[in-house]
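Asker: This is the structure I have questions about; it appears just below.
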Amino acid sequence: MIPELSNPSVCMRDPERVHEILQSMAKSGSNTVQVISDFDMTLTRFAHNGKRCPTCHNILDNSKLISDDCKEQLKELLNTYYPIEIDSSRSIDEKLPLMVEWWTKAHELLVQQKIRKDLLAKVVQESDAMLREGYQLFFDHLHEHSIPLLIFSAGIGDVLEEVIRQAGVFHPNVKVFSNYMDFDECGVLRAFKGELIHIYNKREGALLNTGHFQELRARPNVLLMGDSLGDLTMADGVQQMENILKIGFLNDKVEERKQSYLDSYDIVLVKDETLEVPNAVLLYLTGNK
Ligand code: TMP
Ligand code: MG
């Protein structure tokens, strides 16, 4: 049905079920589809030429906007909490308060740095941020077919928007839920706005945005893309869902985490730095047009 589903990076616990979901979604038509995707390490690359690519937070952490002392502290946080994020021996309940701790401490440090809004674009330009191969087709195809794309990120909205703007793919069908910076009247960062979104409260974030899902109520077929088990709740605000196809990128600690990913994502992409499979799925859903 979709030749790319035979790619070596593709793992599925139940390929039959995947075919059923795809058939049912295709039958309903692409005007009933919406896409909900995580950002860091889902739409962006995990690694390139053996080197890790930055998350939204890392783009700032590595930039000249941050003092050396603060860089050191942010690195220490990353070295402490990232292993916890990907530790398959701990439950989500156990990890949740630690993730809140990570985000809270990181945001406090960033606010102390008095980051200027007018320098963000340059910092993103000079960073190693990279969208996955095939991003152009992904964003352009969704735009051409008027399929709404919700980017739901625990990263930093201002940075994320700049990445997709500079890549020329911030089309009008794209909406972002994320952590946005609050700048004072001089354009200096003073806080983060609204409720914190971290890796394990996307369900709560989704339920706070009922208006968005209400607007999309004629689109009960969802393509969900993520790289963390926390991303699985991003579609919890969708009303009267008919079908959901979940594609998960398994980037790191593959052997330890493979089973849990196979149990929760319909399609698992193992160390796949491209959007080839999501693009093939979208082409199928839009009748290859
Ligand atoms: P996502 O929901 O868009 O994937 O964003 C969350 C990622 O951001 C998650 O993988 C952890 C990462 N992160 C950092 O790299 N540095 C930080 O300081 C924080 C708080 C999160
Ligand atoms: Mg992610």
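Here, A, B, ... name the chains of the structure tokens in the order displayed, residue numbers run from 1 inside each chain, and ligands are numbered from 1 in the same displayed order.
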Could you give me, as a short mmCIF file (atom, residue, chain, number, x, y, z; two decimals) with N, CA, C and O atoms, in the first residue's frame, every polymer residue with an atom at most 6 Å away from an atom of ligand 2, counting only C-alpha atoms and all ligand atoms?
Answerer:
data_model
loop_
_atom_site.label_atom_id
_atom_site.label_comp_id
_atom_site.auth_asym_id
_atom_site.auth_seq_id
_atom_site.Cartn_x
_atom_site.Cartn_y
_atom_site.Cartn_z
N ASP A 38 4.84 16.98 17.60
CA ASP A 38 5.83 17.53 18.51
C ASP A 38 6.88 18.25 17.65
O ASP A 38 6.90 18.08 16.43
N PHE A 39 7.74 19.03 18.28
CA PHE A 39 8.76 19.76 17.50
C PHE A 39 10.16 19.16 17.68
O PHE A 39 10.69 18.53 16.77
N ASP A 40 10.74 19.37 18.89
CA ASP A 40 12.13 18.97 19.10
C ASP A 40 12.30 17.46 18.94
O ASP A 40 11.63 16.67 19.58
N MET A 41 13.21 17.09 18.06
CA MET A 41 13.57 15.69 17.84
C MET A 41 12.46 14.89 17.14
O MET A 41 12.52 13.67 17.04
N THR A 42 11.42 15.64 16.67
CA THR A 42 10.37 15.01 15.86
C THR A 42 10.38 15.68 14.49
O THR A 42 10.62 15.03 13.47
N ASP A 227 8.27 12.03 19.61
CA ASP A 227 9.48 11.24 19.88
C ASP A 227 9.56 10.82 21.34
O ASP A 227 10.50 10.15 21.74
N SER A 228 8.54 11.23 22.12
CA SER A 228 8.55 10.89 23.54
C SER A 228 7.21 10.23 23.85
O SER A 228 6.22 10.49 23.16
#
Asker: Each residue of chain A with at least one atom at most 9 Å from ligand 1 should appear once, together with its nearest atom pair and the corresponding distance in Å (one decimal); atoms considered: only C-alpha atoms and all ligand atoms; ordering: chain, then increasing residue number; output as JSON lines.
Answerer:
{"residue": "A:Ser37", "atom": "CA", "partner": "ligand 1", "partner_atom_place_in_ligand_line": "3 (O)", "distance": 8.8}
{"residue": "A:Asp38", "atom": "CA", "partner": "ligand 1", "partner_atom_place_in_ligand_line": "3 (O)", "distance": 5.2}
{"residue": "A:Phe39", "atom": "CA", "partner": "ligand 1", "partner_atom_place_in_ligand_line": "3 (O)", "distance": 4.0}
{"residue": "A:Asp40", "atom": "CA", "partner": "ligand 1", "partner_atom_place_in_ligand_line": "4 (O)", "distance": 3.8}
{"residue": "A:Met41", "atom": "CA", "partner": "ligand 1", "partner_atom_place_in_ligand_line": "4 (O)", "distance": 5.9}
{"residue": "A:Thr42", "atom": "CA", "partner": "ligand 1", "partner_atom_place_in_ligand_line": "4 (O)", "distance": 6.8}
{"residue": "A:Leu43", "atom": "CA", "partner": "ligand 1", "partner_atom_place_in_ligand_line": "3 (O)", "distance": 8.7}
{"residue": "A:Pro54", "atom": "CA", "partner": "ligand 1", "partner_atom_place_in_ligand_line": "15 (O)", "distance": 7.1}
{"residue": "A:Thr55", "atom": "CA", "partner": "ligand 1", "partner_atom_place_in_ligand_line": "15 (O)", "distance": 5.0}
{"residue": "A:Cys56", "atom": "CA", "partner": "ligand 1", "partner_atom_place_in_ligand_line": "8 (O)", "distance": 6.7}
{"residue": "A:His57", "atom": "CA", "partner": "ligand 1", "partner_atom_place_in_ligand_line": "16 (N)", "distance": 4.6}
{"residue": "A:Asn58", "atom": "CA", "partner": "ligand 1", "partner_atom_place_in_ligand_line": "15 (O)", "distance": 5.3}
{"residue": "A:Ile59", "atom": "CA", "partner": "ligand 1", "partner_atom_place_in_ligand_line": "15 (O)", "distance": 8.7}
{"residue": "A:Asp61", "atom": "CA", "partner": "ligand 1", "partner_atom_place_in_ligand_line": "18 (O)", "distance": 7.8}
{"residue": "A:Leu74", "atom": "CA", "partner": "ligand 1", "partner_atom_place_in_ligand_line": "18 (O)", "distance": 6.5}
{"residue": "A:Lys75", "atom": "CA", "partner": "ligand 1", "partner_atom_place_in_ligand_line": "18 (O)", "distance": 8.3}
{"residue": "A:Leu77", "atom": "CA", "partner": "ligand 1", "partner_atom_place_in_ligand_line": "18 (O)", "distance": 7.0}
{"residue": "A:Leu78", "atom": "CA", "partner": "ligand 1", "partner_atom_place_in_ligand_line": "16 (N)", "distance": 6.1}
{"residue": "A:Tyr81", "atom": "CA", "partner": "ligand 1", "partner_atom_place_in_ligand_line": "19 (C)", "distance": 8.6}
{"residue": "A:Tyr82", "atom": "CA", "partner": "ligand 1", "partner_atom_place_in_ligand_line": "11 (C)", "distance": 6.8}
{"residue": "A:Glu85", "atom": "CA", "partner": "ligand 1", "partner_atom_place_in_ligand_line": "11 (C)", "distance": 7.5}
{"residue": "A:Ile86", "atom": "CA", "partner": "ligand 1", "partner_atom_place_in_ligand_line": "10 (O)", "distance": 8.8}
{"residue": "A:Met99", "atom": "CA", "partner": "ligand 1", "partner_atom_place_in_ligand_line": "20 (C)", "distance": 7.6}
{"residue": "A:Val100", "atom": "CA", "partner": "ligand 1", "partner_atom_place_in_ligand_line": "20 (C)", "distance": 8.3}
{"residue": "A:Glu101", "atom": "CA", "partner": "ligand 1", "partner_atom_place_in_ligand_line": "20 (C)", "distance": 8.6}
{"residue": "A:Trp102", "atom": "CA", "partner": "ligand 1", "partner_atom_place_in_ligand_line": "20 (C)", "distance": 5.3}
{"residue": "A:Trp103", "atom": "CA", "partner": "ligand 1", "partner_atom_place_in_ligand_line": "20 (C)", "distance": 3.8}
{"residue": "A:Thr104", "atom": "CA", "partner": "ligand 1", "partner_atom_place_in_ligand_line": "20 (C)", "distance": 7.4}
{"residue": "A:Lys105", "atom": "CA", "partner": "ligand 1", "partner_atom_place_in_ligand_line": "20 (C)", "distance": 7.8}
{"residue": "A:Ala106", "atom": "CA", "partner": "ligand 1", "partner_atom_place_in_ligand_line": "18 (O)", "distance": 4.9}
{"residue": "A:His107", "atom": "CA", "partner": "ligand 1", "partner_atom_place_in_ligand_line": "20 (C)", "distance": 7.2}
{"residue": "A:Ile151", "atom": "CA", "partner": "ligand 1", "partner_atom_place_in_ligand_line": "3 (O)", "distance": 8.3}
{"residue": "A:Phe152", "atom": "CA", "partner": "ligand 1", "partner_atom_place_in_ligand_line": "3 (O)", "distance": 6.7}
{"residue": "A:Ser153", "atom": "CA", "partner": "ligand 1", "partner_atom_place_in_ligand_line": "3 (O)", "distance": 3.7}
{"residue": "A:Ala154", "atom": "CA", "partner": "ligand 1", "partner_atom_place_in_ligand_line": "2 (O)", "distance": 3.7}
{"residue": "A:Gly155", "atom": "CA", "partner": "ligand 1", "partner_atom_place_in_ligand_line": "5 (O)", "distance": 4.1}
{"residue": "A:Ile156", "atom": "CA", "partner": "ligand 1", "partner_atom_place_in_ligand_line": "5 (O)", "distance": 7.9}
{"residue": "A:Leu160", "atom": "CA", "partner": "ligand 1", "partner_atom_place_in_ligand_line": "3 (O)", "distance": 8.6}
{"residue": "A:Ser178", "atom": "CA", "partner": "ligand 1", "partner_atom_place_in_ligand_line": "3 (O)", "distance": 8.0}
{"residue": "A:Ile197", "atom": "CA", "partner": "ligand 1", "partner_atom_place_in_ligand_line": "2 (O)", "distance": 8.1}
{"residue": "A:His198", "atom": "CA", "partner": "ligand 1", "partner_atom_place_in_ligand_line": "6 (C)", "distance": 6.7}
{"residue": "A:Ile199", "atom": "CA", "partner": "ligand 1", "partner_atom_place_in_ligand_line": "2 (O)", "distance": 5.4}
{"residue": "A:Tyr200", "atom": "CA", "partner": "ligand 1", "partner_atom_place_in_ligand_line": "2 (O)", "distance": 8.7}
{"residue": "A:Lys202", "atom": "CA", "partner": "ligand 1", "partner_atom_place_in_ligand_line": "2 (O)", "distance": 8.4}
{"residue": "A:Gly226", "atom": "CA", "partner": "ligand 1", "partner_atom_place_in_ligand_line": "4 (O)", "distance": 7.5}
{"residue": "A:Asp227", "atom": "CA", "partner": "ligand 1", "partner_atom_place_in_ligand_line": "4 (O)", "distance": 6.9}
{"residue": "A:Ser228", "atom": "CA", "partner": "ligand 1", "partner_atom_place_in_ligand_line": "4 (O)", "distance": 7.2}
{"residue": "A:Gly230", "atom": "CA", "partner": "ligand 1", "partner_atom_place_in_ligand_line": "2 (O)", "distance": 8.1}
{"residue": "A:Asp231", "atom": "CA", "partner": "ligand 1", "partner_atom_place_in_ligand_line": "2 (O)", "distance": 7.1}
Asker: Do you know which residues are at most 10 Å from Cys11 in chain A counting only C-alpha atoms, after dropping those on the same chain fewer than 3 positions away, and could you put them as a list in words?
Answerer: Leu5, Ser6, Asn7, Pro8, Asp14, Pro15, Gly248, Lys258, Tyr261, Leu262, Tyr265, Asp266, Ile267, Val268, Leu269 and Val270 of chain A
Asker: Could those residues be written to a file, using N, CA, C and O atoms, as a compact mmCIF listing (two decimals), in the first residue's frame?
Answerer:
# COMPACT_ATOMS: atom_id res chain seq x y z
N LEU A 5 6.67 1.92 4.01
CA LEU A 5 6.46 1.20 5.27
C LEU A 5 7.33 -0.05 5.34
O LEU A 5 7.39 -0.72 6.38
N SER A 6 8.00 -0.38 4.24
CA SER A 6 8.96 -1.49 4.26
C SER A 6 10.39 -1.00 4.47
O SER A 6 11.33 -1.80 4.43
N ASN A 7 10.58 0.29 4.67
CA ASN A 7 11.93 0.81 4.92
C ASN A 7 12.53 0.12 6.15
O ASN A 7 11.79 -0.24 7.08
N PRO A 8 13.86 -0.04 6.18
CA PRO A 8 14.48 -0.74 7.32
C PRO A 8 14.28 -0.04 8.67
O PRO A 8 14.34 -0.69 9.71
N ASP A 14 1.66 -4.09 14.85
CA ASP A 14 0.49 -4.66 14.19
C ASP A 14 0.28 -4.00 12.82
O ASP A 14 -0.56 -3.10 12.68
N PRO A 15 1.02 -4.44 11.80
CA PRO A 15 0.92 -3.80 10.47
C PRO A 15 -0.49 -3.84 9.90
O PRO A 15 -0.93 -2.88 9.23
N GLY A 248 5.99 7.39 15.81
CA GLY A 248 6.95 7.76 16.86
C GLY A 248 8.39 7.61 16.38
O GLY A 248 8.76 6.58 15.82
N LYS A 258 12.49 0.16 22.83
CA LYS A 258 11.77 -0.26 21.63
C LYS A 258 10.39 -0.85 21.96
O LYS A 258 9.39 -0.51 21.33
N TYR A 261 7.79 1.68 22.90
CA TYR A 261 7.38 2.48 21.74
C TYR A 261 6.47 1.67 20.82
O TYR A 261 5.47 2.18 20.32
N LEU A 262 6.81 0.40 20.62
CA LEU A 262 5.96 -0.46 19.77
C LEU A 262 4.57 -0.63 20.38
O LEU A 262 3.58 -0.74 19.68
N TYR A 265 3.09 3.44 19.97
CA TYR A 265 3.01 4.09 18.65
C TYR A 265 2.66 3.03 17.60
O TYR A 265 3.13 1.89 17.67
N ASP A 266 1.85 3.41 16.60
CA ASP A 266 1.47 2.44 15.54
C ASP A 266 2.66 2.16 14.63
O ASP A 266 2.88 1.04 14.20
N ILE A 267 3.39 3.25 14.31
CA ILE A 267 4.59 3.10 13.46
C ILE A 267 5.77 3.68 14.26
O ILE A 267 5.69 4.82 14.73
N VAL A 268 6.81 2.88 14.42
CA VAL A 268 8.00 3.37 15.13
C VAL A 268 9.12 3.50 14.11
O VAL A 268 9.39 2.56 13.35
N LEU A 269 9.75 4.67 14.07
CA LEU A 269 10.85 4.91 13.13
C LEU A 269 12.15 4.93 13.93
O LEU A 269 12.38 5.83 14.74
N VAL A 270 12.96 3.91 13.73
CA VAL A 270 14.16 3.75 14.53
C VAL A 270 15.34 4.46 13.86
O VAL A 270 15.68 4.15 12.71
Asker: Run DSSP on the backbone of this structure and report the residues of range 56-289 of chain A it assigns to strand (DSSP E or B), as a ChimeraX atom specification.
Answerer: /A:116,131,133,149-156,174-179,181-183,188-192,221-226,243-250,267-270,274
Asker: Using only C-alpha atoms, which of A:Thr32, A:Asn279, A:Ser264, A:Gln73 sits nearest Asn221 in chain A?
Answerer: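 Looking at the shortest contact to Asn221 in chain A, the residue is A:Thr32.
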Asker: Any chance you could tabulate, as a tab-separated table, the residues of range 144-252 of chain A at most 10 Å from range 22-25 of chain A with each one's nearest atom pair and distance in Å to one decimal, using only C-alpha atoms, in chain and rising number order?
Answerer:
residue	atom	partner	partner_atom	distance
A:Pro220	CA	A:Met25	CA	9.3
A:Asn221	CA	A:Met25	CA	6.3
A:Val222	CA	A:Met25	CA	8.6
A:Leu223	CA	A:Met25	CA	9.5
A:Glu242	CA	A:Met25	CA	8.5
A:Asn243	CA	A:Met25	CA	6.7
A:Ile244	CA	A:Met25	CA	8.6
A:Leu245	CA	A:Leu22	CA	7.6
Asker: Now that the selection is made, can you save its residues with N, CA and C atoms as a short mmCIF file (atom, residue, chain, number, x, y, z; two decimals), in the first residue's frame?
Answerer:
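So the final result, stored in again_15.cif, reads:
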data_model
loop_
_atom_site.label_atom_id
_atom_site.label_comp_id
_atom_site.auth_asym_id
_atom_site.auth_seq_id
_atom_site.Cartn_x
_atom_site.Cartn_y
_atom_site.Cartn_z
N PRO A 220 -11.98 14.66 12.27
CA PRO A 220 -11.82 13.68 13.36
C PRO A 220 -10.74 12.63 13.11
N ASN A 221 -9.98 12.78 12.02
CA ASN A 221 -8.90 11.84 11.72
C ASN A 221 -7.55 12.50 11.97
N VAL A 222 -6.77 11.89 12.84
CA VAL A 222 -5.56 12.55 13.33
C VAL A 222 -4.30 11.76 12.97
N LEU A 223 -3.32 12.49 12.44
CA LEU A 223 -1.97 11.92 12.31
C LEU A 223 -1.15 12.58 13.40
N GLU A 242 -12.18 9.91 15.22
CA GLU A 242 -12.57 8.68 14.52
C GLU A 242 -11.38 7.74 14.39
N ASN A 243 -10.28 8.27 13.86
CA ASN A 243 -9.07 7.45 13.72
C ASN A 243 -7.87 8.27 14.16
N ILE A 244 -6.90 7.57 14.72
CA ILE A 244 -5.63 8.23 15.00
C ILE A 244 -4.50 7.28 14.60
N LEU A 245 -3.57 7.83 13.83
CA LEU A 245 -2.37 7.07 13.45
C LEU A 245 -1.18 7.75 14.12
#
Asker: Which residue out of A:Leu216, A:Leu224, A:Cys53, A:Ile115 has the minimum interatomic distance to Met181 in chain A when only C-alpha atoms are used?
Answerer: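 Checking each candidate against Met181 in chain A, we get A:Ile115 as the closest.
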Asker: Skip Asp87 in chain A itself and residues of its chain fewer than 5 positions away, then list as a PyMOL selection string all residues within 10 Å of it, counting only C-alpha atoms.
Answerer: chain A and resi 81-82+92+95+253+256-257
